[in-house]
$ cat query-v4.csv   # CSV, C-alpha atoms
chain,number,residue,atom,x,y,z
M,20,MET,CA,0.0,0.0,0.0
M,21,THR,CA,1.1,3.6,-0.6
M,22,GLU,CA,1.5,6.0,2.3
M,23,ALA,CA,-1.7,7.7,1.2
M,24,HIS,CA,-3.6,4.5,1.4
M,25,GLU,CA,-2.3,3.7,4.9
M,26,ARG,CA,-3.2,7.2,6.1
M,27,LYS,CA,-6.8,6.8,5.0
M,28,LYS,CA,-7.2,4.7,8.1
M,29,GLN,CA,-5.9,7.3,10.4
M,30,PRO,CA,-8.1,10.4,9.9
M,31,GLU,CA,-6.9,12.0,13.2
M,32,ILE,CA,-3.3,11.9,12.0
M,33,VAL,CA,-4.3,13.4,8.7
M,34,ARG,CA,-6.3,16.1,10.5
M,35,ARG,CA,-3.4,16.8,12.8
M,36,ALA,CA,-1.0,17.1,9.8
M,37,LEU,CA,-3.4,19.5,8.0
M,38,LEU,CA,-3.7,21.7,11.0
M,39,ASP,CA,0.1,21.8,11.6
M,40,CYS,CA,0.8,22.5,7.9
M,41,ALA,CA,-1.8,25.3,7.8
M,42,ALA,CA,-0.4,26.9,10.9
M,43,GLN,CA,3.2,26.6,9.5
M,44,ILE,CA,2.2,28.1,6.1
M,45,SER,CA,0.4,31.0,7.8
M,46,GLN,CA,3.4,31.6,10.1
M,47,GLU,CA,5.9,31.6,7.3
M,48,GLN,CA,4.1,33.1,4.4
M,49,GLY,CA,1.0,34.9,5.8
M,50,LEU,CA,-2.6,34.0,5.9
M,51,PRO,CA,-3.3,34.6,2.1
M,52,ALA,CA,-0.8,31.8,1.3
M,53,VAL,CA,-3.0,29.4,3.3
M,54,THR,CA,-4.9,28.0,0.2
M,55,LEU,CA,-6.6,24.6,0.4
M,56,GLN,CA,-4.3,23.3,-2.3
M,57,ALA,CA,-1.1,24.5,-0.6
M,58,VAL,CA,-2.1,23.0,2.7
M,59,ALA,CA,-3.1,19.7,1.1
M,60,ASP,CA,0.2,19.6,-0.8
M,61,ALA,CA,2.2,20.3,2.3
M,62,ALA,CA,0.4,17.5,4.2
M,63,HIS,CA,0.8,15.1,1.3
M,64,VAL,CA,-3.0,14.7,1.1
M,65,THR,CA,-5.2,15.2,-1.9
M,66,LYS,CA,-7.4,18.3,-2.0
M,67,GLY,CA,-10.4,15.9,-1.7
M,68,GLY,CA,-8.9,14.4,1.4
M,69,LEU,CA,-8.5,17.9,2.9
M,70,LEU,CA,-12.1,18.8,2.0
M,71,HIS,CA,-13.3,15.7,3.9
M,72,HIS,CA,-11.9,17.4,7.1
M,73,PHE,CA,-12.4,21.1,6.3
M,74,PRO,CA,-15.0,22.2,3.7
M,75,ASN,CA,-13.4,25.6,3.1
M,76,LYS,CA,-10.6,27.9,4.1
M,77,GLN,CA,-12.6,29.6,6.8
M,78,ALA,CA,-13.3,26.2,8.5
M,79,LEU,CA,-9.7,25.3,8.3
M,80,VAL,CA,-8.4,28.6,9.8
M,81,GLN,CA,-11.1,28.4,12.5
M,82,ALA,CA,-9.9,24.8,13.3
M,83,VAL,CA,-6.3,26.0,13.5
M,84,PHE,CA,-7.5,28.7,16.0
M,85,HIS,CA,-9.4,26.2,18.0
M,86,ASP,CA,-6.4,23.9,18.0
M,87,LEU,CA,-4.2,26.7,19.3
M,88,LEU,CA,-6.7,27.5,22.0
M,89,GLU,CA,-6.7,23.8,23.1
M,90,GLN,CA,-2.9,23.9,23.2
M,91,LEU,CA,-3.0,27.1,25.3
M,92,ASP,CA,-5.6,25.5,27.6
M,93,ALA,CA,-3.5,22.4,28.2
M,94,GLN,CA,-0.4,24.5,28.8
M,95,ILE,CA,-2.3,26.6,31.4
M,96,ASP,CA,-3.4,23.4,33.1
M,97,GLU,CA,0.2,22.3,33.4
M,98,LEU,CA,1.3,25.6,34.8
M,99,LEU,CA,-1.6,25.6,37.3
M,100,GLU,CA,-0.5,22.2,38.6
M,101,ASP,CA,3.1,23.4,39.2
M,102,ASP,CA,2.0,26.6,41.1
M,103,PRO,CA,1.7,26.1,44.9
M,104,ASP,CA,0.1,29.5,45.5
M,105,ALA,CA,-3.6,29.8,45.2
M,106,HIS,CA,-4.0,33.6,44.8
M,107,GLY,CA,-3.6,34.7,41.2
M,108,ARG,CA,-2.7,31.2,40.0
M,109,PHE,CA,-4.6,31.4,36.7
M,110,THR,CA,-3.3,34.9,36.0
M,111,ARG,CA,0.3,33.7,36.5
M,112,ALA,CA,-0.3,30.7,34.2
M,113,TYR,CA,-1.9,33.0,31.6
M,114,ILE,CA,1.0,35.4,31.7
M,115,ARG,CA,3.6,32.6,31.4
M,116,ALA,CA,1.7,30.8,28.6
M,117,PHE,CA,1.7,34.0,26.5
M,118,ALA,CA,5.3,34.7,27.3
M,119,ASN,CA,6.1,31.2,26.1
M,120,ALA,CA,4.0,31.7,23.0
M,121,ASP,CA,6.1,34.8,22.3
M,122,SER,CA,9.5,33.2,22.8
M,123,GLN,CA,8.6,30.0,20.9
M,124,GLY,CA,7.8,32.2,17.9
M,125,ALA,CA,7.5,29.6,15.1
M,126,SER,CA,4.7,27.7,16.7
M,127,ASN,CA,1.7,28.7,18.7
M,128,TRP,CA,-0.1,32.0,18.7
M,129,ASN,CA,2.0,33.9,16.2
M,130,ALA,CA,0.9,31.3,13.6
M,131,LEU,CA,-2.4,33.2,13.1
M,132,PRO,CA,-2.1,36.9,12.3
M,133,LEU,CA,-4.3,39.4,14.2
M,134,SER,CA,-6.5,39.9,11.1
M,135,SER,CA,-7.9,36.4,11.6
M,136,LEU,CA,-9.0,37.3,15.2
M,137,THR,CA,-11.5,39.7,13.7
M,138,ASP,CA,-13.5,36.7,12.4
M,139,PRO,CA,-16.7,36.7,14.5
M,140,GLU,CA,-16.6,33.0,15.2
M,141,MET,CA,-12.9,33.2,16.4
M,142,LYS,CA,-13.7,36.2,18.5
M,143,ALA,CA,-16.5,34.1,20.1
M,144,MET,CA,-14.3,31.1,20.6
M,145,TRP,CA,-11.8,33.3,22.5
M,146,SER,CA,-14.4,35.1,24.6
M,147,ASP,CA,-16.1,31.9,25.5
M,148,TRP,CA,-12.8,30.3,26.5
M,149,TYR,CA,-11.7,33.3,28.5
M,150,ALA,CA,-15.1,33.7,30.2
M,151,SER,CA,-15.2,30.0,31.2
M,152,ARG,CA,-11.6,30.2,32.6
M,153,LEU,CA,-12.4,33.3,34.6
M,154,ALA,CA,-15.5,31.7,36.0
M,155,ARG,CA,-13.6,28.6,37.0
M,156,HIS,CA,-10.9,30.6,38.7
M,157,ALA,CA,-13.1,33.2,40.3
M,158,GLU,CA,-12.0,32.4,43.8
M,159,THR,CA,-8.4,32.9,43.1
M,160,ASP,CA,-8.2,35.3,40.2
M,161,ALA,CA,-10.9,38.0,40.7
M,162,GLY,CA,-10.1,41.7,41.3
M,163,PRO,CA,-8.9,44.6,39.2
M,164,GLU,CA,-5.2,44.1,39.9
M,165,LEU,CA,-5.2,40.6,38.4
M,166,GLY,CA,-7.3,41.8,35.5
M,167,ILE,CA,-4.7,44.5,34.7
M,168,ALA,CA,-1.9,41.9,34.9
M,169,ARG,CA,-3.7,39.8,32.3
M,170,TYR,CA,-4.4,42.8,30.1
M,171,ALA,CA,-0.7,43.8,30.3
M,172,ALA,CA,0.2,40.2,29.2
M,173,ASP,CA,-2.2,40.7,26.2
M,174,GLY,CA,-0.5,44.1,25.5
M,175,LEU,CA,3.0,42.5,25.7
M,176,TRP,CA,1.9,39.8,23.2
M,177,LEU,CA,0.5,42.4,20.9
M,178,ALA,CA,3.7,44.5,21.1
M,179,GLY,CA,5.7,41.4,20.1
M,180,LEU,CA,3.4,40.8,17.2
M,181,LEU,CA,3.5,44.4,16.0
M,182,GLU,CA,7.3,44.5,16.8
M,183,TYR,CA,7.3,47.5,19.0
M,184,SER,CA,8.2,45.7,22.2
M,185,GLY,CA,11.9,46.5,21.6
M,186,VAL,CA,11.0,50.2,22.0
M,187,GLU,CA,10.4,49.8,25.7
M,188,ALA,CA,13.6,50.4,27.8
M,189,THR,CA,12.6,47.5,30.2
M,190,GLY,CA,13.3,44.0,28.7
M,191,GLN,CA,10.4,41.6,28.2
M,192,ASP,CA,11.7,39.1,30.8
M,193,VAL,CA,11.9,41.8,33.5
M,194,LEU,CA,8.3,43.0,32.6
M,195,ILE,CA,7.0,39.5,32.8
M,196,GLU,CA,8.6,38.9,36.2
M,197,GLN,CA,7.2,42.2,37.4
M,198,LEU,CA,3.7,41.1,36.1
M,199,ILE,CA,4.1,37.8,38.0
M,200,SER,CA,5.0,39.7,41.2
M,201,MET,CA,1.8,41.9,40.7
M,202,THR,CA,-0.3,38.7,40.9
M,203,ARG,CA,1.1,37.9,44.3
M,204,LYS,CA,0.0,41.1,45.9
M,205,THR,CA,-3.3,40.8,47.8
Z,24,MET,CA,-18.6,77.9,-10.1
Z,25,THR,CA,-19.6,74.3,-9.0
Z,26,GLU,CA,-18.6,73.0,-5.6
Z,27,ALA,CA,-16.0,70.8,-7.3
Z,28,HIS,CA,-14.5,73.8,-8.9
Z,29,GLU,CA,-14.3,75.7,-5.7
Z,30,ARG,CA,-12.7,72.8,-3.9
Z,31,LYS,CA,-9.9,72.6,-6.5
Z,32,LYS,CA,-8.4,75.6,-4.7
Z,33,GLN,CA,-8.5,73.9,-1.4
Z,34,PRO,CA,-6.4,70.8,-1.6
Z,35,GLU,CA,-6.1,70.5,2.2
Z,36,ILE,CA,-9.8,70.4,2.6
Z,37,VAL,CA,-10.2,67.8,-0.1
Z,38,ARG,CA,-7.4,65.7,1.5
Z,39,ARG,CA,-9.1,66.1,4.9
Z,40,ALA,CA,-12.5,64.9,3.5
Z,41,LEU,CA,-10.8,61.9,1.8
Z,42,LEU,CA,-9.1,60.8,5.0
Z,43,ASP,CA,-12.3,61.2,7.0
Z,44,CYS,CA,-14.4,59.4,4.4
Z,45,ALA,CA,-11.9,56.5,4.2
Z,46,ALA,CA,-11.8,56.2,8.0
Z,47,GLN,CA,-15.6,56.2,8.2
Z,48,ILE,CA,-16.0,53.6,5.5
Z,49,SER,CA,-13.4,51.4,7.1
Z,50,GLN,CA,-15.2,51.8,10.5
Z,51,GLU,CA,-18.7,51.1,9.1
Z,52,GLN,CA,-18.0,48.5,6.4
Z,53,GLY,CA,-14.5,47.1,7.0
Z,54,LEU,CA,-11.2,47.7,5.2
Z,55,PRO,CA,-12.2,45.7,2.0
Z,56,ALA,CA,-14.9,48.3,1.4
Z,57,VAL,CA,-12.3,51.1,1.3
Z,58,THR,CA,-11.9,51.2,-2.5
Z,59,LEU,CA,-10.6,54.3,-4.2
Z,60,GLN,CA,-13.9,54.8,-6.0
Z,61,ALA,CA,-16.0,54.4,-2.8
Z,62,VAL,CA,-13.9,57.0,-1.0
Z,63,ALA,CA,-13.9,59.4,-3.9
Z,64,ASP,CA,-17.7,59.1,-4.2
Z,65,ALA,CA,-18.2,59.7,-0.4
Z,66,ALA,CA,-16.0,62.8,-0.5
Z,67,HIS,CA,-17.7,64.1,-3.7
Z,68,VAL,CA,-14.3,64.0,-5.5
Z,69,THR,CA,-13.5,62.4,-8.9
Z,70,LYS,CA,-11.3,59.4,-8.8
Z,71,GLY,CA,-8.6,61.4,-10.5
Z,72,GLY,CA,-8.9,64.0,-7.8
Z,73,LEU,CA,-8.3,61.3,-5.2
Z,74,LEU,CA,-5.4,59.9,-7.1
Z,75,HIS,CA,-3.8,63.4,-7.0
Z,76,HIS,CA,-3.6,63.0,-3.2
Z,77,PHE,CA,-3.2,59.2,-2.8
Z,78,PRO,CA,-1.7,57.1,-5.7
Z,79,ASN,CA,-3.3,53.8,-4.4
Z,80,LYS,CA,-5.2,52.2,-1.6
Z,81,GLN,CA,-2.1,51.4,0.5
Z,82,ALA,CA,-1.1,55.1,0.4
Z,83,LEU,CA,-4.6,56.1,1.5
Z,84,VAL,CA,-4.8,53.7,4.3
Z,85,GLN,CA,-1.3,54.6,5.5
Z,86,ALA,CA,-2.3,58.3,5.4
Z,87,VAL,CA,-5.4,57.5,7.5
Z,88,PHE,CA,-3.2,55.7,10.0
Z,89,HIS,CA,-0.8,58.6,10.1
Z,90,ASP,CA,-3.7,61.0,10.6
Z,91,LEU,CA,-5.0,58.9,13.5
Z,92,LEU,CA,-1.5,59.0,15.0
Z,93,GLU,CA,-1.4,62.8,14.7
Z,94,GLN,CA,-4.8,63.0,16.5
Z,95,LEU,CA,-3.6,60.8,19.2
Z,96,ASP,CA,-0.4,62.8,19.6
Z,97,ALA,CA,-2.3,66.1,19.9
Z,98,GLN,CA,-4.7,64.6,22.4
Z,99,ILE,CA,-1.8,63.4,24.5
Z,100,ASP,CA,-0.3,66.9,24.4
Z,101,GLU,CA,-3.5,68.3,25.7
Z,102,LEU,CA,-3.7,65.7,28.5
Z,103,LEU,CA,-0.1,66.3,29.4
Z,104,GLU,CA,-0.8,70.0,29.8
Z,105,ASP,CA,-3.7,69.4,32.2
Z,106,ASP,CA,-1.7,67.0,34.4
Z,107,PRO,CA,0.1,68.7,37.4
Z,108,ASP,CA,2.1,65.7,38.5
Z,109,ALA,CA,5.3,64.9,36.7
Z,110,HIS,CA,5.9,61.2,37.6
Z,111,GLY,CA,4.0,59.0,35.1
Z,112,ARG,CA,2.5,61.9,33.2
Z,113,PHE,CA,2.9,60.5,29.7
Z,114,THR,CA,1.7,57.1,30.8
Z,115,ARG,CA,-1.5,58.6,32.3
Z,116,ALA,CA,-2.1,60.6,29.1
Z,117,TYR,CA,-1.5,57.5,27.0
Z,118,ILE,CA,-4.0,55.5,29.1
Z,119,ARG,CA,-6.6,58.2,29.0
Z,120,ALA,CA,-6.2,58.8,25.2
Z,121,PHE,CA,-6.8,55.1,24.5
Z,122,ALA,CA,-9.7,55.0,26.9
Z,123,ASN,CA,-11.2,57.9,25.0
Z,124,ALA,CA,-10.5,56.2,21.7
Z,125,ASP,CA,-12.4,53.2,23.0
Z,126,SER,CA,-15.4,55.2,24.3
Z,127,GLN,CA,-15.7,57.4,21.2
Z,128,GLY,CA,-16.0,54.2,19.2
Z,129,ALA,CA,-17.1,55.6,15.9
Z,130,SER,CA,-14.1,57.8,15.4
Z,131,ASN,CA,-10.4,57.3,16.1
Z,132,TRP,CA,-8.6,54.1,16.4
Z,133,ASN,CA,-11.3,51.7,15.8
Z,134,ALA,CA,-11.5,53.1,12.3
Z,135,LEU,CA,-8.6,50.9,11.2
Z,136,PRO,CA,-8.9,47.2,11.9
Z,137,LEU,CA,-6.0,45.3,13.5
Z,138,SER,CA,-5.2,43.7,10.1
Z,139,SER,CA,-3.9,47.0,8.8
Z,140,LEU,CA,-1.5,47.3,11.7
Z,141,THR,CA,0.5,44.4,10.3
Z,142,ASP,CA,1.5,46.6,7.3
Z,143,PRO,CA,5.3,47.1,7.8
Z,144,GLU,CA,5.1,50.8,7.2
Z,145,MET,CA,2.3,51.3,9.7
Z,146,LYS,CA,4.1,49.2,12.2
Z,147,ALA,CA,7.2,51.4,11.7
Z,148,MET,CA,5.1,54.6,12.1
Z,149,TRP,CA,3.8,53.3,15.4
Z,150,SER,CA,7.2,52.1,16.7
Z,151,ASP,CA,8.8,55.4,15.7
Z,152,TRP,CA,6.1,57.5,17.3
Z,153,TYR,CA,6.1,55.4,20.5
Z,154,ALA,CA,9.9,55.4,20.7
Z,155,SER,CA,10.1,59.2,20.3
Z,156,ARG,CA,7.5,59.7,23.0
Z,157,LEU,CA,9.3,57.4,25.4
Z,158,ALA,CA,12.6,59.2,24.8
Z,159,ARG,CA,11.0,62.6,25.3
Z,160,HIS,CA,9.4,61.4,28.6
Z,161,ALA,CA,12.2,59.3,29.9
Z,162,GLU,CA,12.6,61.5,33.0
Z,163,THR,CA,9.0,61.0,34.1
Z,164,ASP,CA,7.9,57.7,32.5
Z,165,ALA,CA,10.7,55.2,32.8
Z,166,GLY,CA,10.6,52.0,34.8
Z,167,PRO,CA,8.8,48.6,34.5
Z,168,GLU,CA,5.6,49.6,36.5
Z,169,LEU,CA,4.8,52.4,34.0
Z,170,GLY,CA,5.6,50.1,31.1
Z,171,ILE,CA,3.2,47.6,32.4
Z,172,ALA,CA,0.5,50.2,32.8
Z,173,ARG,CA,0.9,51.2,29.2
Z,174,TYR,CA,0.9,47.6,28.0
Z,175,ALA,CA,-2.3,47.0,30.1
Z,176,ALA,CA,-3.9,50.0,28.3
Z,177,ASP,CA,-2.9,48.3,25.0
Z,178,GLY,CA,-4.5,45.1,26.2
Z,179,LEU,CA,-7.7,46.9,27.2
Z,180,TRP,CA,-7.9,48.5,23.8
Z,181,LEU,CA,-7.4,45.1,22.1
Z,182,ALA,CA,-10.0,43.5,24.3
Z,183,GLY,CA,-12.5,46.2,23.2
Z,184,LEU,CA,-11.7,45.7,19.6
Z,185,LEU,CA,-12.0,41.9,19.9
Z,186,GLU,CA,-15.1,42.3,22.1
Z,187,TYR,CA,-14.0,40.3,25.1
Z,188,SER,CA,-13.6,43.1,27.5
Z,189,GLY,CA,-17.1,42.4,28.8
Z,190,VAL,CA,-15.9,39.1,30.0
Z,191,GLU,CA,-13.9,40.7,32.8
Z,192,ALA,CA,-15.8,41.0,36.0
Z,193,THR,CA,-14.3,44.5,36.7
Z,194,GLY,CA,-15.7,47.3,34.6
Z,195,GLN,CA,-13.5,49.2,32.1
Z,196,ASP,CA,-13.8,52.4,34.0
Z,197,VAL,CA,-12.6,50.8,37.2
Z,198,LEU,CA,-9.7,49.2,35.5
Z,199,ILE,CA,-8.7,52.5,33.9
Z,200,GLU,CA,-8.7,54.3,37.2
Z,201,GLN,CA,-6.7,51.5,38.8
Z,202,LEU,CA,-4.2,51.8,35.9
Z,203,ILE,CA,-4.0,55.6,36.5
Z,204,SER,CA,-3.4,54.9,40.2
Z,205,MET,CA,-0.6,52.5,39.3
Z,206,THR,CA,1.2,55.4,37.5
Z,207,ARG,CA,1.3,57.4,40.7
Z,208,LYS,CA,3.2,54.9,42.7
Z,209,THR,CA,6.9,55.6,42.8

$ encode --input "query-v4.csv" --output "structure tokens"
Amino acid sequence: MTEAHERKKQPEIVRRALLDCAAQISQEQGLPAVTLQAVADAAHVTKGGLLHHFPNKQALVQAVFHDLLEQLDAQIDELLEDDPDAHGRFTRAYIRAFANADSQGASNWNALPLSSLTDPEMKAMWSDWYASRLARHAETDAGPELGIARYAADGLWLAGLLEYSGVEATGQDVLIEQLISMTRKT
Amino acid sequence: MTEAHERKKQPEIVRRALLDCAAQISQEQGLPAVTLQAVADAAHVTKGGLLHHFPNKQALVQAVFHDLLEQLDAQIDELLEDDPDAHGRFTRAYIRAFANADSQGASNWNALPLSSLTDPEMKAMWSDWYASRLARHAETDAGPELGIARYAADGLWLAGLLEYSGVEATGQDVLIEQLISMTRKT
């Protein structure tokens, strides 16, 4: 059997390859380069095989976004487990997860440009995820100071994406540790 | 003389009308709707008249961005004049200017979607403006705490644009006042 025949039996592996290839193409060449044909070619799948998983580009890009959100969620769970302090635990994990996303560069959140975030369904995915996390961590992560720390993490991420973070005299690492220390105040 | 004839003598007024119309169309219908013809029609100018000022859409959108930056800069100067405290003065003005941009909604920064900010020239315009402001206010606005307050203002603005600010339990106004109070710590 050819490789393509073997993979017919492993739809999850094909789906994973398509998502990874789409994210990689977007990261390297920008969102316009993410055509169904280019993603199918990169994943060594026929266009028909791709269409079985994703009926159009929007569905594919939304799936990439959803996948990134799941990765973020899993990373935050790991960081939560490693944190012995209750107060501000989710906020610290959120800050560290975005700091990692920034330093990893090639993978993760920089794979999708900001423009895609203006898609209503992706905006809703983000809001729903964020709201459910805030609800789940209401006992440890309420209050304006922790909200500000999270917004500052968003701002740092945005500055990295728009490439003006280098303009600040204070280095990113110092700012992140300062943000973490903000979460420990009560 | 017709209105069009009169306006030939007032290129600055025509340019102003074109920028305002482009910003309004972008705000109301999104950036793809900002075609040269649509902007010319809205400003009651011929397409040739528009091309005299802006050779293409990219030049027009960059000019809108530059114009928004000048408005922000002027607004920050006003806020600086009204602020009796030296420490953190620029940071407070920056926070308030973005808070205003958010509440004004229809005008100002929400006119250009985030996607346009990924244009290299617009990114450079922003970085240059921000760097020159930070240099000018180095005596009053250095240090990580003020940097974080500015990043949090960016994050608040982003959350408004992506419509997830409502997810936070703490209201925007409270967060902004908390940010302002952060700038007063030494």

$ closest_residue --input "query-v4.csv" --among "Z:Lys70, Z:Thr163, Z:Leu179, Z:Leu137" --to "Z:Gln50" --atoms "all atoms listed in the file"
Z:Leu137

$ atom_distance --input "query-v4.csv" --atom1 "atom CA of M:Tyr183" --atom2 "atom CA of Z:Met148"
10.1 Å

$ atom_distance --input "query-v4.csv" --atom1 "atom CA of Z:Glu51" --atom2 "atom CA of Z:Ile199"
26.8 Å

$ closest_residue --input "query-v4.csv" --among "Z:Leu185, Z:Ala161, Z:Ser204, Z:Ala109" --to "M:Met141" --atoms "only C-alpha atoms"
Z:Leu185

$ closest_atom_pairs --input "query-v4.csv" --of "chain M" --to "chain Z" --cutoff "8 Å" --atoms "all atoms listed in the file" --output "JSON lines"
{"residue": "M:Pro132", "atom": "CA", "partner": "Z:Ser138", "partner_atom": "CA", "distance": 7.8}
{"residue": "M:Leu133", "atom": "CA", "partner": "Z:Ser138", "partner_atom": "CA", "distance": 6.0}
{"residue": "M:Ser134", "atom": "CA", "partner": "Z:Ser138", "partner_atom": "CA", "distance": 4.1}
{"residue": "M:Ser135", "atom": "CA", "partner": "Z:Ser138", "partner_atom": "CA", "distance": 7.9}
{"residue": "M:Leu136", "atom": "CA", "partner": "Z:Leu185", "partner_atom": "CA", "distance": 7.2}
{"residue": "M:Thr137", "atom": "CA", "partner": "Z:Leu185", "partner_atom": "CA", "distance": 6.6}
{"residue": "M:Lys142", "atom": "CA", "partner": "Z:Leu185", "partner_atom": "CA", "distance": 6.1}
{"residue": "M:Trp145", "atom": "CA", "partner": "Z:Tyr187", "partner_atom": "CA", "distance": 7.8}
{"residue": "M:Ser146", "atom": "CA", "partner": "Z:Tyr187", "partner_atom": "CA", "distance": 5.2}
{"residue": "M:Tyr149", "atom": "CA", "partner": "Z:Val190", "partner_atom": "CA", "distance": 7.3}
{"residue": "M:Ala150", "atom": "CA", "partner": "Z:Val190", "partner_atom": "CA", "distance": 5.5}
{"residue": "M:Leu153", "atom": "CA", "partner": "Z:Glu191", "partner_atom": "CA", "distance": 7.8}
{"residue": "M:Ala161", "atom": "CA", "partner": "Z:Ala192", "partner_atom": "CA", "distance": 7.4}
{"residue": "M:Gly162", "atom": "CA", "partner": "Z:Thr193", "partner_atom": "CA", "distance": 6.8}
{"residue": "M:Pro163", "atom": "CA", "partner": "Z:Thr193", "partner_atom": "CA", "distance": 6.0}
{"residue": "M:Glu164", "atom": "CA", "partner": "Z:Gln201", "partner_atom": "CA", "distance": 7.6}
{"residue": "M:Gly166", "atom": "CA", "partner": "Z:Glu191", "partner_atom": "CA", "distance": 7.2}
{"residue": "M:Ile167", "atom": "CA", "partner": "Z:Ala175", "partner_atom": "CA", "distance": 5.8}
{"residue": "M:Ala168", "atom": "CA", "partner": "Z:Ala175", "partner_atom": "CA", "distance": 7.0}
{"residue": "M:Arg169", "atom": "CA", "partner": "Z:Ala175", "partner_atom": "CA", "distance": 7.7}
{"residue": "M:Tyr170", "atom": "CA", "partner": "Z:Gly178", "partner_atom": "CA", "distance": 4.5}
{"residue": "M:Ala171", "atom": "CA", "partner": "Z:Ala175", "partner_atom": "CA", "distance": 3.6}
{"residue": "M:Ala172", "atom": "CA", "partner": "Z:Ala175", "partner_atom": "CA", "distance": 7.3}
{"residue": "M:Asp173", "atom": "CA", "partner": "Z:Gly178", "partner_atom": "CA", "distance": 5.0}
{"residue": "M:Gly174", "atom": "CA", "partner": "Z:Gly178", "partner_atom": "CA", "distance": 4.2}
{"residue": "M:Leu175", "atom": "CA", "partner": "Z:Tyr174", "partner_atom": "CA", "distance": 6.0}
{"residue": "M:Leu177", "atom": "CA", "partner": "Z:Gly178", "partner_atom": "CA", "distance": 7.8}
{"residue": "M:Leu181", "atom": "CA", "partner": "Z:Lys146", "partner_atom": "CA", "distance": 6.2}
{"residue": "M:Glu182", "atom": "CA", "partner": "Z:Lys146", "partner_atom": "CA", "distance": 7.3}
{"residue": "M:Tyr183", "atom": "CA", "partner": "Z:Ser150", "partner_atom": "CA", "distance": 5.1}
{"residue": "M:Val186", "atom": "CA", "partner": "Z:Ala154", "partner_atom": "CA", "distance": 5.5}
{"residue": "M:Glu187", "atom": "CA", "partner": "Z:Gly170", "partner_atom": "CA", "distance": 7.2}
{"residue": "M:Ala188", "atom": "CA", "partner": "Z:Ala165", "partner_atom": "CA", "distance": 7.5}
{"residue": "M:Thr189", "atom": "CA", "partner": "Z:Pro167", "partner_atom": "CA", "distance": 5.8}
{"residue": "M:Val193", "atom": "CA", "partner": "Z:Pro167", "partner_atom": "CA", "distance": 7.5}
{"residue": "M:Leu194", "atom": "CA", "partner": "Z:Pro167", "partner_atom": "CA", "distance": 5.9}
{"residue": "M:Gln197", "atom": "CA", "partner": "Z:Pro167", "partner_atom": "CA", "distance": 7.2}
{"residue": "M:Leu198", "atom": "CA", "partner": "Z:Ile171", "partner_atom": "CA", "distance": 7.5}

$ atom_distance --input "query-v4.csv" --atom1 "atom CA of M:Phe73" --atom2 "atom CA of M:Leu38"
9.9 Å

$ closest_residue --input "query-v4.csv" --among "Z:Gly183, Z:Gln60, Z:Arg159, Z:Asp164" --to "Z:Asp108" --atoms "all atoms listed in the file"
Z:Asp164

$ decode --input "query-v4.csv" --residues "stretch 77-89 of chain M" --atoms "C-alpha atoms" --output "CSV table (one decimal), in the first residue's frame"
chain,number,residue,atom,x,y,z
M,77,GLN,CA,-12.6,29.6,6.8
M,78,ALA,CA,-13.3,26.2,8.5
M,79,LEU,CA,-9.7,25.3,8.3
M,80,VAL,CA,-8.4,28.6,9.8
M,81,GLN,CA,-11.1,28.4,12.5
M,82,ALA,CA,-9.9,24.8,13.3
M,83,VAL,CA,-6.3,26.0,13.5
M,84,PHE,CA,-7.5,28.7,16.0
M,85,HIS,CA,-9.4,26.2,18.0
M,86,ASP,CA,-6.4,23.9,18.0
M,87,LEU,CA,-4.2,26.7,19.3
M,88,LEU,CA,-6.7,27.5,22.0
M,89,GLU,CA,-6.7,23.8,23.1
